[in-house]
file entry.txt (compact mmCIF, C-alpha atoms)
# COMPACT_ATOMS: atom_id res chain seq x y z
CA MET A 176 16.01 -16.32 -23.16
CA GLY A 177 17.54 -14.09 -25.82
CA THR A 178 19.38 -12.00 -23.30
CA VAL A 179 22.93 -11.28 -22.22
CA VAL A 180 24.08 -12.60 -18.85
CA THR A 181 26.99 -10.91 -17.12
CA LEU A 182 28.84 -12.57 -14.25
CA ASP A 183 31.21 -10.19 -12.49
CA ILE A 184 33.03 -12.11 -9.77
CA ARG A 185 35.51 -10.22 -7.62
CA ASP A 186 36.78 -13.21 -5.61
CA ARG A 187 40.14 -14.05 -7.12
CA ASP A 188 40.28 -17.54 -5.68
CA LEU A 189 36.99 -18.87 -7.06
CA PRO A 190 37.54 -22.05 -9.10
CA GLU A 191 36.73 -21.65 -12.76
CA ALA A 192 34.50 -24.71 -12.52
CA ALA A 193 32.07 -22.65 -10.42
CA VAL A 194 31.68 -20.16 -13.25
CA ASP A 195 31.31 -22.95 -15.79
CA GLU A 196 28.56 -24.46 -13.68
CA ALA A 197 26.64 -21.18 -13.59
CA ILE A 198 26.98 -20.70 -17.34
CA ALA A 199 25.81 -24.28 -17.99
CA TRP A 200 22.82 -23.54 -15.75
CA PHE A 201 21.74 -20.60 -17.91
CA HIS A 202 21.95 -22.71 -21.06
CA GLU A 203 19.85 -25.37 -19.35
CA VAL A 204 17.25 -22.78 -18.31
CA ASP A 205 17.10 -21.47 -21.86
CA ALA A 206 16.60 -24.97 -23.29
CA THR A 207 13.83 -25.72 -20.78
CA PHE A 208 11.94 -22.43 -20.61
CA SER A 209 12.44 -20.63 -23.90
CA THR A 210 9.21 -19.75 -25.67
CA TYR A 211 11.30 -19.38 -28.83
CA ARG A 212 12.35 -23.03 -28.82
CA PRO A 213 9.57 -25.34 -30.06
CA GLU A 214 11.10 -28.31 -28.21
CA SER A 215 11.35 -26.60 -24.80
CA GLU A 216 9.18 -27.95 -21.99
CA ILE A 217 7.32 -24.65 -21.83
CA SER A 218 6.52 -24.77 -25.55
CA ARG A 219 5.35 -28.38 -25.25
CA ILE A 220 3.11 -27.56 -22.30
CA SER A 221 1.81 -24.54 -24.18
CA ARG A 222 0.83 -26.79 -27.12
CA GLY A 223 -0.76 -29.31 -24.79
CA GLU A 224 1.80 -32.02 -25.56
CA LEU A 225 3.07 -32.19 -22.00
CA SER A 226 0.98 -32.00 -18.87
CA PRO A 227 2.28 -29.87 -16.00
CA ARG A 228 2.30 -33.10 -13.94
CA GLU A 229 4.88 -34.66 -16.27
CA CYS A 230 7.22 -31.70 -16.37
CA SER A 231 10.61 -31.33 -14.66
CA ALA A 232 10.97 -30.20 -11.05
CA GLU A 233 12.26 -26.82 -12.25
CA VAL A 234 9.24 -26.16 -14.45
CA HIS A 235 6.96 -27.30 -11.66
CA GLU A 236 8.62 -24.87 -9.26
CA VAL A 237 8.44 -21.95 -11.70
CA LEU A 238 4.78 -22.55 -12.54
CA GLY A 239 4.01 -22.64 -8.82
CA LEU A 240 5.86 -19.36 -8.22
CA CYS A 241 4.05 -17.72 -11.14
CA ALA A 242 0.70 -18.81 -9.74
CA GLU A 243 1.67 -17.33 -6.40
CA VAL A 244 2.51 -13.93 -7.93
CA THR A 245 -0.68 -13.99 -10.01
CA ARG A 246 -2.62 -14.46 -6.79
CA ARG A 247 -0.72 -11.83 -4.81
CA SER A 248 -1.00 -9.25 -7.59
CA ARG A 249 -4.71 -9.96 -8.12
CA GLY A 250 -4.18 -10.87 -11.74
CA CYS A 251 -1.73 -8.14 -12.72
CA PHE A 252 0.82 -10.85 -13.44
CA ASP A 253 -0.34 -13.72 -15.63
CA ILE A 254 1.68 -16.20 -17.65
CA GLN A 255 -1.27 -17.36 -19.72
CA LEU A 256 -1.94 -14.77 -22.36
CA GLY A 257 -3.62 -15.31 -25.69
CA GLY A 258 -3.70 -19.06 -25.17
CA ARG A 259 0.07 -19.23 -24.80
CA LEU A 260 2.17 -20.00 -21.75
CA ASP A 261 4.94 -17.47 -21.13
CA PRO A 262 6.63 -17.45 -17.71
CA SER A 263 9.44 -15.14 -18.95
CA GLY A 264 8.39 -12.45 -16.46
CA LEU A 265 9.65 -14.62 -13.62
CA VAL A 266 12.08 -17.11 -15.17
CA LYS A 267 14.86 -14.63 -15.82
CA GLY A 268 14.92 -13.43 -12.22
CA TRP A 269 14.53 -16.94 -10.87
CA SER A 270 17.40 -18.29 -12.96
CA VAL A 271 19.75 -15.48 -11.89
CA GLN A 272 18.75 -15.97 -8.26
CA ARG A 273 19.52 -19.68 -8.53
CA ALA A 274 22.84 -18.98 -10.25
CA ALA A 275 23.77 -16.62 -7.41
CA GLU A 276 22.99 -19.35 -4.91
CA MET A 277 25.16 -21.80 -6.89
CA LEU A 278 28.09 -19.39 -6.91
CA GLN A 279 27.73 -18.81 -3.18
CA ALA A 280 27.66 -22.54 -2.56
CA SER A 281 30.95 -22.75 -4.49
CA GLY A 282 32.49 -20.15 -2.21
CA ALA A 283 31.89 -16.89 -4.10
CA ARG A 284 31.28 -13.96 -1.77
CA ASN A 285 31.62 -10.80 -3.83
CA PHE A 286 29.95 -10.72 -7.21
CA PHE A 287 27.05 -9.54 -9.27
CA ILE A 288 25.07 -11.30 -11.94
CA GLY A 289 23.06 -9.31 -14.46
CA ALA A 290 20.68 -10.69 -17.06
CA GLY A 291 19.03 -8.22 -19.39
CA GLY A 292 18.95 -5.57 -16.70
CA ASP A 293 17.89 -7.78 -13.78
CA ILE A 294 20.62 -7.87 -11.16
CA VAL A 295 21.72 -9.75 -8.06
CA THR A 296 24.57 -8.28 -6.00
CA ARG A 297 26.50 -10.05 -3.27
CA GLY A 298 29.16 -8.74 -0.90
CA VAL A 299 31.22 -5.78 -2.08
CA PRO A 300 32.92 -4.79 -5.34
CA ALA A 301 36.16 -3.99 -3.49
CA GLY A 302 37.27 -2.99 -0.01
CA GLN A 303 34.63 -1.02 1.85
CA GLN A 304 32.74 0.02 -1.28
CA ARG A 305 29.13 -0.80 -2.02
CA TRP A 306 27.79 -2.05 -5.31
CA ARG A 307 26.28 0.80 -7.28
CA VAL A 308 23.36 -0.19 -9.47
CA GLY A 309 22.12 2.35 -11.97
CA ILE A 310 18.47 2.44 -12.94
CA ARG A 311 18.27 2.89 -16.64
CA HIS A 312 16.80 6.14 -17.88
CA PRO A 313 13.69 4.95 -19.73
CA GLU A 314 14.03 7.40 -22.60
CA ILE A 315 17.79 7.74 -22.93
CA GLY A 316 18.83 4.12 -23.11
CA ASP A 317 22.41 4.63 -22.09
CA ARG A 318 21.97 6.89 -19.13
CA VAL A 319 20.75 6.20 -15.65
CA ALA A 320 18.00 8.06 -13.84
CA ALA A 321 19.01 7.02 -10.32
CA VAL A 322 21.60 4.92 -8.51
CA LEU A 323 20.99 2.35 -5.78
CA GLU A 324 23.67 1.32 -3.32
CA ALA A 325 23.56 -2.38 -2.67
CA GLY A 326 25.14 -5.09 -0.57
CA ASP A 327 23.20 -8.33 -0.91
CA LEU A 328 20.31 -7.21 -3.07
CA ALA A 329 18.17 -8.05 -6.09
CA VAL A 330 17.04 -5.32 -8.50
CA ALA A 331 14.69 -5.75 -11.46
CA THR A 332 13.22 -3.17 -13.83
CA SER A 333 10.22 -3.50 -16.12
CA GLY A 334 9.44 -0.88 -18.68
CA ALA A 335 8.03 0.04 -22.02
CA TYR A 336 11.33 0.64 -23.72
CA GLU A 337 11.73 1.31 -27.39
CA ARG A 338 12.93 -2.26 -27.76
CA GLY A 339 12.84 -5.29 -25.56
CA GLU A 340 10.01 -6.85 -23.62
CA HIS A 341 6.45 -5.75 -24.23
CA ILE A 342 4.29 -6.03 -21.14
CA VAL A 343 0.56 -6.54 -21.49
CA ASP A 344 -2.01 -5.85 -18.78
CA PRO A 345 -3.60 -9.30 -18.35
CA ARG A 346 -6.84 -7.64 -17.27
CA THR A 347 -7.29 -5.63 -20.47
CA GLY A 348 -5.00 -7.31 -23.00
CA ARG A 349 -3.48 -3.91 -23.74
CA ALA A 350 -0.20 -2.21 -22.87
CA PRO A 351 -0.34 -0.56 -19.45
CA VAL A 352 -0.39 3.24 -19.41
CA GLY A 353 1.00 5.66 -16.86
CA LEU A 354 4.57 4.51 -16.26
CA LEU A 355 7.76 4.46 -18.26
CA SER A 356 9.43 1.99 -15.91
CA MET A 357 9.10 0.27 -12.55
CA THR A 358 12.06 -0.94 -10.54
CA VAL A 359 11.72 -3.34 -7.63
CA ALA A 360 14.50 -4.11 -5.12
CA GLY A 361 14.47 -6.77 -2.44
CA PRO A 362 16.03 -9.97 -1.16
CA SER A 363 15.13 -12.34 -4.05
CA LEU A 364 15.35 -11.63 -7.76
CA THR A 365 12.74 -14.33 -8.41
CA TYR A 366 10.13 -12.13 -6.79
CA ALA A 367 11.66 -8.75 -7.65
CA ASP A 368 11.44 -9.62 -11.36
CA ALA A 369 7.81 -10.74 -11.23
CA PHE A 370 6.79 -7.94 -8.84
CA ALA A 371 8.32 -5.35 -11.20
CA THR A 372 6.21 -6.71 -14.06
CA ALA A 373 3.03 -6.74 -11.95
CA ALA A 374 3.66 -3.31 -10.42
CA PHE A 375 4.38 -1.83 -13.86
CA VAL A 376 0.94 -3.06 -14.93
CA MET A 377 -0.63 -1.46 -11.83
CA GLY A 378 0.89 1.95 -12.59
CA GLU A 379 1.71 4.28 -9.72
CA ALA A 380 -0.58 2.22 -7.50
CA GLY A 381 2.04 -0.49 -7.86
CA LEU A 382 4.28 1.48 -5.48
CA ALA A 383 1.83 1.04 -2.62
CA TRP A 384 1.38 -2.62 -3.51
CA VAL A 385 5.13 -3.30 -3.37
CA ALA A 386 5.49 -1.21 -0.20
CA GLY A 387 3.09 -3.62 1.48
CA ILE A 388 5.31 -6.63 0.74
CA ASP A 389 7.87 -7.27 3.45
CA GLY A 390 11.44 -6.57 2.33
CA TYR A 391 10.62 -5.12 -1.10
CA ASP A 392 10.78 -1.54 -2.34
CA ALA A 393 9.96 0.11 -5.63
CA LEU A 394 10.81 3.14 -7.74
CA ALA A 395 8.60 4.29 -10.61
CA ILE A 396 9.37 6.64 -13.46
CA THR A 397 6.10 8.11 -14.63
CA GLY A 398 4.86 9.10 -18.05
CA ASP A 399 5.02 12.75 -17.01
CA ARG A 400 8.71 12.30 -16.17
CA ARG A 401 8.59 12.15 -12.41
CA MET A 402 10.34 9.66 -10.22
CA ALA A 403 8.41 8.30 -7.24
CA TRP A 404 9.49 5.65 -4.77
CA THR A 405 8.38 3.77 -1.71
CA PRO A 406 9.57 5.13 1.66
CA GLY A 407 11.91 2.16 2.14
CA MET A 408 13.68 2.95 -1.14
CA GLU A 409 14.94 6.24 0.27
CA THR A 410 17.80 4.59 2.16
CA ARG A 411 18.90 2.60 -0.89
CA LEU A 412 19.09 5.62 -3.20
CA SER A 413 22.58 6.94 -3.60
CA GLY A 414 23.92 10.45 -3.41
CA PRO A 415 22.16 13.70 -4.00
CA THR A 416 18.73 13.13 -5.41
CA PRO A 417 17.94 15.18 -8.49
CA PRO A 418 16.99 18.78 -7.72
CA PRO A 419 13.36 19.72 -8.37
CA ARG A 420 12.79 21.60 -11.59
CA MET B 191 -0.31 1.29 4.41
CA PRO B 192 2.61 3.50 3.40
CA SER B 193 2.57 7.26 3.63
CA ALA B 194 2.73 9.45 0.54
CA MET B 195 5.50 8.39 -1.83
CA PRO B 196 8.42 10.77 -2.26
CA ILE B 197 8.29 12.35 -5.69
CA ARG B 198 11.08 14.05 -7.61
CA PRO B 199 11.49 15.01 -11.24
CA VAL B 200 13.60 12.73 -13.38
CA ALA B 201 17.10 13.93 -14.00
CA THR B 202 19.81 12.22 -15.95
CA LEU B 203 23.00 11.12 -14.32
CA ALA B 204 26.00 10.72 -16.54
CA ALA B 205 26.68 7.03 -16.21
CA THR B 206 26.12 3.99 -18.34
CA ALA B 207 26.54 0.29 -18.60
CA ILE B 208 29.92 1.14 -20.00
CA GLY B 209 30.89 2.03 -16.48
CA VAL B 210 30.79 -1.65 -15.72
CA VAL B 211 33.55 -2.31 -18.12
CA LEU B 212 35.66 0.68 -17.35
CA LEU B 213 35.53 0.24 -13.66
CA PHE B 214 37.17 -3.13 -14.01
CA ALA B 215 39.94 -1.50 -15.93
CA PHE B 216 40.43 1.46 -13.67
CA ARG B 217 39.81 0.12 -10.21
CA THR B 218 43.41 -0.17 -9.16
CA PRO B 219 45.09 0.35 -5.80
CA GLN B 220 47.53 2.85 -7.28
CA ALA B 221 47.18 6.61 -7.26
CA PRO B 222 44.85 8.17 -9.81
CA PRO B 223 46.23 8.61 -13.31
CA PRO B 224 48.28 11.74 -13.99
CA ALA B 225 46.40 15.01 -13.90
CA THR B 226 47.38 15.60 -17.48
CA ALA B 227 45.21 12.69 -18.59
CA VAL B 228 42.31 13.86 -20.64
CA THR B 229 38.96 12.96 -19.19
CA THR B 230 36.34 14.63 -21.32
CA PRO B 231 35.46 14.11 -24.95
CA ALA B 232 35.51 17.87 -25.57
CA THR B 233 39.25 17.99 -25.02
CA SER B 234 40.17 14.67 -26.56
CA PRO B 235 43.74 14.83 -27.86
CA SER B 236 42.91 12.64 -30.82
CA SER B 237 44.48 14.28 -33.84
CA ASN B 238 42.00 12.82 -36.29
CA PRO B 239 38.51 14.16 -35.69
CA THR B 240 36.14 11.57 -34.32
CA PRO B 241 33.53 10.51 -36.83
CA THR B 242 30.11 11.82 -35.91
CA PRO B 243 26.87 10.68 -37.48
CA THR B 244 25.22 13.28 -39.65
CA PRO B 245 21.68 14.38 -38.78
CA SER B 246 20.39 11.92 -41.36
CA GLY B 247 21.79 9.09 -39.28
CA ALA B 248 24.57 8.18 -41.69
CA PRO B 249 27.25 5.98 -40.14
CA PRO B 250 30.53 7.43 -39.04
CA SER B 251 33.51 6.58 -41.17
CA ALA B 252 35.54 3.67 -39.97
CA GLY B 253 38.36 5.78 -38.60
CA SER B 254 40.95 3.22 -39.52
CA SER B 255 42.76 5.34 -42.05
CA SER B 256 45.02 7.14 -39.62
CA THR B 257 46.32 6.75 -36.12
CA PRO B 258 46.86 9.68 -33.77
CA ALA B 259 50.40 10.31 -32.59
CA ALA B 260 49.31 9.67 -29.03
CA ALA B 261 48.62 6.08 -30.00
CA THR B 262 52.29 5.14 -30.34
CA PRO B 263 52.77 2.25 -27.92
CA THR B 264 54.89 3.09 -24.92
CA PRO B 265 57.16 0.52 -23.27
CA THR B 266 55.58 0.67 -19.79
CA PRO B 267 51.92 0.59 -18.86
CA ALA B 268 50.54 3.49 -16.84
CA ALA B 269 49.18 3.15 -13.31
CA SER B 270 45.86 1.92 -14.65
CA GLY B 271 47.61 -1.06 -16.21
CA LEU B 272 46.61 0.11 -19.69
CA LYS B 273 49.23 0.56 -22.36
CA SER B 274 48.96 3.58 -24.60
CA GLY B 275 47.89 2.84 -28.14
CA THR B 276 44.93 2.11 -30.38
CA PHE B 277 43.12 -1.15 -29.69
CA THR B 278 40.37 -2.66 -31.77
CA GLY B 279 37.65 -4.55 -29.90
CA GLN B 280 35.87 -7.67 -31.06
CA THR B 281 32.66 -7.49 -33.03
CA TYR B 282 29.48 -8.38 -31.14
CA SER B 283 26.17 -9.06 -32.83
CA ASP B 284 22.53 -9.04 -31.90
CA GLN B 285 19.39 -9.06 -33.98
CA TYR B 286 19.96 -5.40 -34.81
CA GLY B 287 23.37 -5.93 -36.35
CA ASN B 288 27.08 -5.83 -35.57
CA LEU B 289 28.87 -3.56 -33.16
CA GLN B 290 32.61 -2.99 -32.92
CA VAL B 291 34.67 -0.23 -31.35
CA GLN B 292 38.23 1.00 -31.39
CA VAL B 293 39.64 2.46 -28.19
CA VAL B 294 42.49 4.96 -27.95
CA ILE B 295 44.42 4.95 -24.68
CA SER B 296 46.87 7.60 -23.61
CA GLY B 297 48.43 8.12 -20.19
CA GLY B 298 46.53 5.15 -18.77
CA ARG B 299 43.14 6.52 -19.72
CA ILE B 300 40.69 6.12 -22.54
CA THR B 301 40.88 9.25 -24.61
CA ASP B 302 38.71 8.24 -27.54
CA VAL B 303 36.30 5.55 -28.62
CA LYS B 304 35.51 5.11 -32.30
CA LEU B 305 32.63 3.12 -33.69
CA LEU B 306 33.92 0.89 -36.44
CA GLN B 307 30.58 -0.92 -36.91
CA TYR B 308 27.17 -0.37 -35.48
CA PRO B 309 23.67 -1.59 -36.27
CA GLN B 310 22.20 0.36 -39.16
CA ASN B 311 20.65 -2.23 -41.45
CA GLU B 312 17.02 -1.62 -40.58
CA PRO B 313 15.23 1.72 -40.65
CA GLN B 314 14.18 1.46 -37.01
CA SER B 315 17.57 0.24 -35.93
CA SER B 316 19.24 3.07 -37.78
CA PHE B 317 17.12 5.62 -35.98
CA ILE B 318 17.91 4.17 -32.58
CA SER B 319 21.58 3.87 -33.29
CA SER B 320 22.07 7.37 -34.57
CA ARG B 321 20.55 8.72 -31.40
CA ALA B 322 21.93 6.34 -28.83
CA LEU B 323 25.44 5.56 -29.92
CA PRO B 324 26.97 9.03 -29.96
CA LEU B 325 25.70 9.30 -26.40
CA LEU B 326 27.40 6.04 -25.59
CA ARG B 327 30.67 7.32 -26.93
CA GLU B 328 30.46 10.35 -24.70
CA GLU B 329 29.55 8.21 -21.74
CA VAL B 330 32.38 5.77 -22.09
CA LEU B 331 34.73 8.66 -21.57
CA GLN B 332 32.81 10.04 -18.62
CA ALA B 333 32.34 6.64 -17.03
CA GLN B 334 35.86 6.68 -15.64
CA SER B 335 34.44 8.65 -12.74
CA ALA B 336 30.85 7.45 -12.90
CA LYS B 337 31.29 4.59 -10.44
CA ILE B 338 28.42 2.49 -11.69
CA ASP B 339 28.84 -1.27 -11.39
CA ALA B 340 25.67 -2.49 -13.07
CA ILE B 341 22.57 -1.17 -14.80
CA SER B 342 19.01 -2.31 -14.16
CA GLY B 343 17.07 -2.20 -17.41
CA ALA B 344 19.93 -2.21 -19.95
CA THR B 345 19.69 -2.91 -23.69
CA PHE B 346 21.39 -5.30 -26.03
CA THR B 347 23.26 -2.63 -27.90
CA SER B 348 24.82 -1.14 -24.81
CA GLU B 349 25.81 -4.63 -23.70
CA ASN B 350 27.52 -5.19 -27.03
CA TYR B 351 29.19 -1.83 -26.80
CA ALA B 352 30.47 -2.65 -23.34
CA ALA B 353 31.68 -6.05 -24.49
CA SER B 354 33.55 -4.63 -27.45
CA VAL B 355 35.16 -1.93 -25.30
CA GLN B 356 36.15 -4.55 -22.76
CA SER B 357 37.77 -6.74 -25.39
CA ALA B 358 39.81 -3.74 -26.56
CA LEU B 359 40.86 -3.00 -22.97
CA ASP B 360 41.90 -6.62 -22.56
CA LEU B 361 44.29 -6.10 -25.46
CA ALA B 362 45.61 -2.95 -23.81
CA ARG B 363 46.40 -4.86 -20.66
CA ALA B 364 47.89 -7.90 -22.35
call {"tool": "encode", "arguments": {"input": "entry.txt", "output": "structure tokens"}}
result
Amino acid sequence: MGTVVTLDIRDRDLPEAAVDEAIAWFHEVDATFSTYRPESEISRISRGELSPRECSAEVHEVLGLCAEVTRRSRGCFDIQLGGRLDPSGLVKGWSVQRAAEMLQASGARNFFIGAGGDIVTRGVPAGQQRWRVGIRHPEIGDRVAAVLEAGDLAVATSGAYERGEHIVDPRTGRAPVGLLSMTVAGPSLTYADAFATAAFVMGEAGLAWVAGIDGYDALAITGDRRMAWTPGMETRLSGPTPPPR
Amino acid sequence: MPSAMPIRPVATLAATAIGVVLLFAFRTPQAPPPATAVTTPATSPSSNPTPTPTPSGAPPSAGSSSTPAAATPTPTPAASGLKSGTFTGQTYSDQYGNLQVQVVISGGRITDVKLLQYPQNEPQSSFISSRALPLLREEVLQAQSAKIDAISGATFTSENYAASVQSALDLARA
């Protein structure tokens, strides 16, 4: 997937084999889903060499999830662009979500997994503390614009950063205008990742769309440098919110 | 249908992905490090001035020619578990180039971070680096109190920076 995956596990007694299993999973996902690997299942389907009926259970599941988000977002999320198949807008979140479930099944309770800025948190970092997830400042790459406090949560951000993913509005074929970034938080990173992509395409209207989905909240940073969020996000935001200027 | 969305102007909080790394190093049950520990870059005790990119984006010098007096290893680690000294992190690479840092620890705290290598081989990369990396250096020092565990929407370069800092801290704890 061309991204860095961070596993931060605070349980001291977790067997190392559990971590190895999660890492092997990410390599497997990359081999199966990478659009940069000509031999991946996704590339073969994209070239018409493999029918979706013949593909692995994982690819089948992902394609089904993508179709669901395409439907729910009324076409603001689409993995078929320019004749190519690219489910990257959901695969990263899905793979991290699955890795989190694997770690939990192995007994991990307190950890986070981050992949290219998409994050799943579980339990606590230490003692009574909560995980603190910064939302990257869209223009100053190494600062955060807001902080979310999280227990068991998934957080994904889509944006038009100076480098990294380039999101296209499937309805126009052009880059969406209006927002610098869109962050979605909720129970599953599979959906949070894809919803963030779709809501970024929708612009500020994406906030209302996410607010209507049970369990999910969103925060947008607009082109005119405002931050706007869904009412449910208020309780997740940490500390003093920035003073008006 | 939701009511009107709350709207606030964007402000910048001083925290980075580097906080991830540093929090591992500094989250200890002991008391906070001594009050004499230096916490801001402005008052860094480093005796050799930290290299700073020129406005043209030229790279900082490697900073390996001299070692500040504060870097003399001490026999016992401080409360943070970090030995005083100068520790060179591993080099991490992405498509933009290599990144490697050197961390100076004194009194159990990071007092300086030098960039030994950073991406500068492409015009675009050079522009990004000259703007972003000095900020990173400042942030790694501030992150000791930033309390950020993870960043949503991070970049490759900051990940590499964090990784190189972490590898230097691992040496300091060894």
call {"tool": "residues_around", "arguments": {"input": "entry.txt", "residues": "B:Ala364", "least_positions_apart": "4", "cutoff": "9 Å", "atoms": "all atoms listed in the file", "output": "list in words"}}
result
Leu272, Lys273, Leu359 and Asp360 of chain B
call {"tool": "write_last_selection", "arguments": {"input": "entry.txt", "atoms": "C-alpha atoms", "output": "PDB file, in the frame of the given file"}}
result
ATOM      1  CA  LEU B 272      46.610   0.110 -19.690  1.00  0.00           C
ATOM      2  CA  LYS B 273      49.230   0.560 -22.360  1.00  0.00           C
ATOM      3  CA  LEU B 359      40.860  -3.000 -22.970  1.00  0.00           C
ATOM      4  CA  ASP B 360      41.900  -6.620 -22.560  1.00  0.00           C
TER       5      ASP B 360
END
call {"tool": "closest_residue", "arguments": {"input": "entry.txt", "among": "B:Gly343, B:Gly287, B:Gly279, B:Gly297", "to": "chain A", "atoms": "only C-alpha atoms"}}
result
B:Gly343
call {"tool": "atom_distance", "arguments": {"input": "entry.txt", "atom1": "atom CA of A:Val359", "atom2": "atom CA of A:Ala393"}}
result
4.4 Å
call {"tool": "closest_residue", "arguments": {"input": "entry.txt", "among": "A:Thr347, A:Ser333, A:Thr210, A:Thr397", "to": "A:Asp293", "atoms": "only C-alpha atoms"}}
result
A:Ser333
call {"tool": "interface_residues", "arguments": {"input": "entry.txt", "of": "chain A", "to": "chain B", "cutoff": "6 Å", "atoms": "all atoms listed in the file", "output": "PyMOL selection string"}}
result
chain A and resi 292-293+307-311+317-320+332+400-405+417+419
call {"tool": "axis_aligned_box", "arguments": {"input": "entry.txt", "around": "stretch 403-412 of chain A", "padding_each_side": "8 Å", "output": "JSON"}}
result
{"center_x": 13.7, "center_y": 5.2, "center_z": -2.5, "size_x": 26.7, "size_y": 22.1, "size_z": 25.4}
call {"tool": "atom_distance", "arguments": {"input": "entry.txt", "atom1": "atom CA of A:Ile288", "atom2": "atom CA of B:Val294"}}
result
28.7 Å
call {"tool": "closest_residue", "arguments": {"input": "entry.txt", "among": "A:His202, A:Arg346, A:Arg222, A:Arg305", "to": "A:Gly258", "atoms": "all atoms listed in the file"}}
result
A:Arg222
call {"tool": "closest_residue", "arguments": {"input": "entry.txt", "among": "A:Lys267, A:His312, A:Arg185, A:Arg411", "to": "A:Ala367", "atoms": "all atoms listed in the file"}}
result
A:Lys267
call {"tool": "residues_near_point", "arguments": {"input": "entry.txt", "point": "(-0.9, -4.3, -20.7)", "cutoff": "12 Å", "atoms": "all atoms listed in the file", "output": "ChimeraX atom specification"}}
result
/A:250-253,256,334-335,340-354,372-378
call {"tool": "atom_distance", "arguments": {"input": "entry.txt", "atom1": "atom CA of A:Tyr391", "atom2": "atom CA of A:Ala283"}}
result
24.5 Å
call {"tool": "build_atoms", "arguments": {"input": "entry.txt", "residues": "stretch 240-252 of chain A", "atoms": "N, CA and C atoms", "output": "PDB file, keeping the file's coordinate frame"}}
result
ATOM      1  N   LEU A 240       5.505 -20.738  -8.598  1.00  0.00           N
ATOM      2  CA  LEU A 240       5.860 -19.360  -8.220  1.00  0.00           C
ATOM      3  C   LEU A 240       5.042 -18.354  -9.011  1.00  0.00           C
ATOM      4  N   CYS A 241       4.852 -18.628 -10.298  1.00  0.00           N
ATOM      5  CA  CYS A 241       4.050 -17.720 -11.140  1.00  0.00           C
ATOM      6  C   CYS A 241       2.626 -17.657 -10.617  1.00  0.00           C
ATOM      7  N   ALA A 242       2.067 -18.789 -10.262  1.00  0.00           N
ATOM      8  CA  ALA A 242       0.700 -18.810  -9.740  1.00  0.00           C
ATOM      9  C   ALA A 242       0.601 -18.001  -8.451  1.00  0.00           C
ATOM     10  N   GLU A 243       1.652 -18.089  -7.646  1.00  0.00           N
ATOM     11  CA  GLU A 243       1.670 -17.330  -6.400  1.00  0.00           C
ATOM     12  C   GLU A 243       1.642 -15.822  -6.675  1.00  0.00           C
ATOM     13  N   VAL A 244       2.465 -15.374  -7.635  1.00  0.00           N
ATOM     14  CA  VAL A 244       2.510 -13.930  -7.930  1.00  0.00           C
ATOM     15  C   VAL A 244       1.210 -13.481  -8.590  1.00  0.00           C
ATOM     16  N   THR A 245       0.614 -14.327  -9.416  1.00  0.00           N
ATOM     17  CA  THR A 245      -0.680 -13.990 -10.010  1.00  0.00           C
ATOM     18  C   THR A 245      -1.711 -13.717  -8.912  1.00  0.00           C
ATOM     19  N   ARG A 246      -1.688 -14.595  -7.905  1.00  0.00           N
ATOM     20  CA  ARG A 246      -2.620 -14.460  -6.790  1.00  0.00           C
ATOM     21  C   ARG A 246      -2.342 -13.181  -5.992  1.00  0.00           C
ATOM     22  N   ARG A 247      -1.066 -12.988  -5.642  1.00  0.00           N
ATOM     23  CA  ARG A 247      -0.720 -11.830  -4.810  1.00  0.00           C
ATOM     24  C   ARG A 247      -0.954 -10.511  -5.518  1.00  0.00           C
ATOM     25  N   SER A 248      -0.829 -10.503  -6.843  1.00  0.00           N
ATOM     26  CA  SER A 248      -1.000  -9.250  -7.590  1.00  0.00           C
ATOM     27  C   SER A 248      -2.440  -9.093  -8.092  1.00  0.00           C
ATOM     28  N   ARG A 249      -3.297  -9.970  -7.680  1.00  0.00           N
ATOM     29  CA  ARG A 249      -4.710  -9.960  -8.120  1.00  0.00           C
ATOM     30  C   ARG A 249      -4.828  -9.883  -9.635  1.00  0.00           C
ATOM     31  N   GLY A 250      -4.047 -10.727 -10.285  1.00  0.00           N
ATOM     32  CA  GLY A 250      -4.180 -10.870 -11.740  1.00  0.00           C
ATOM     33  C   GLY A 250      -3.390  -9.886 -12.571  1.00  0.00           C
ATOM     34  N   CYS A 251      -2.559  -9.064 -11.929  1.00  0.00           N
ATOM     35  CA  CYS A 251      -1.730  -8.140 -12.720  1.00  0.00           C
ATOM     36  C   CYS A 251      -0.493  -8.821 -13.288  1.00  0.00           C
ATOM     37  N   PHE A 252      -0.257 -10.045 -12.879  1.00  0.00           N
ATOM     38  CA  PHE A 252       0.820 -10.850 -13.440  1.00  0.00           C
ATOM     39  C   PHE A 252       0.164 -12.155 -13.882  1.00  0.00           C
TER      40      PHE A 252
END
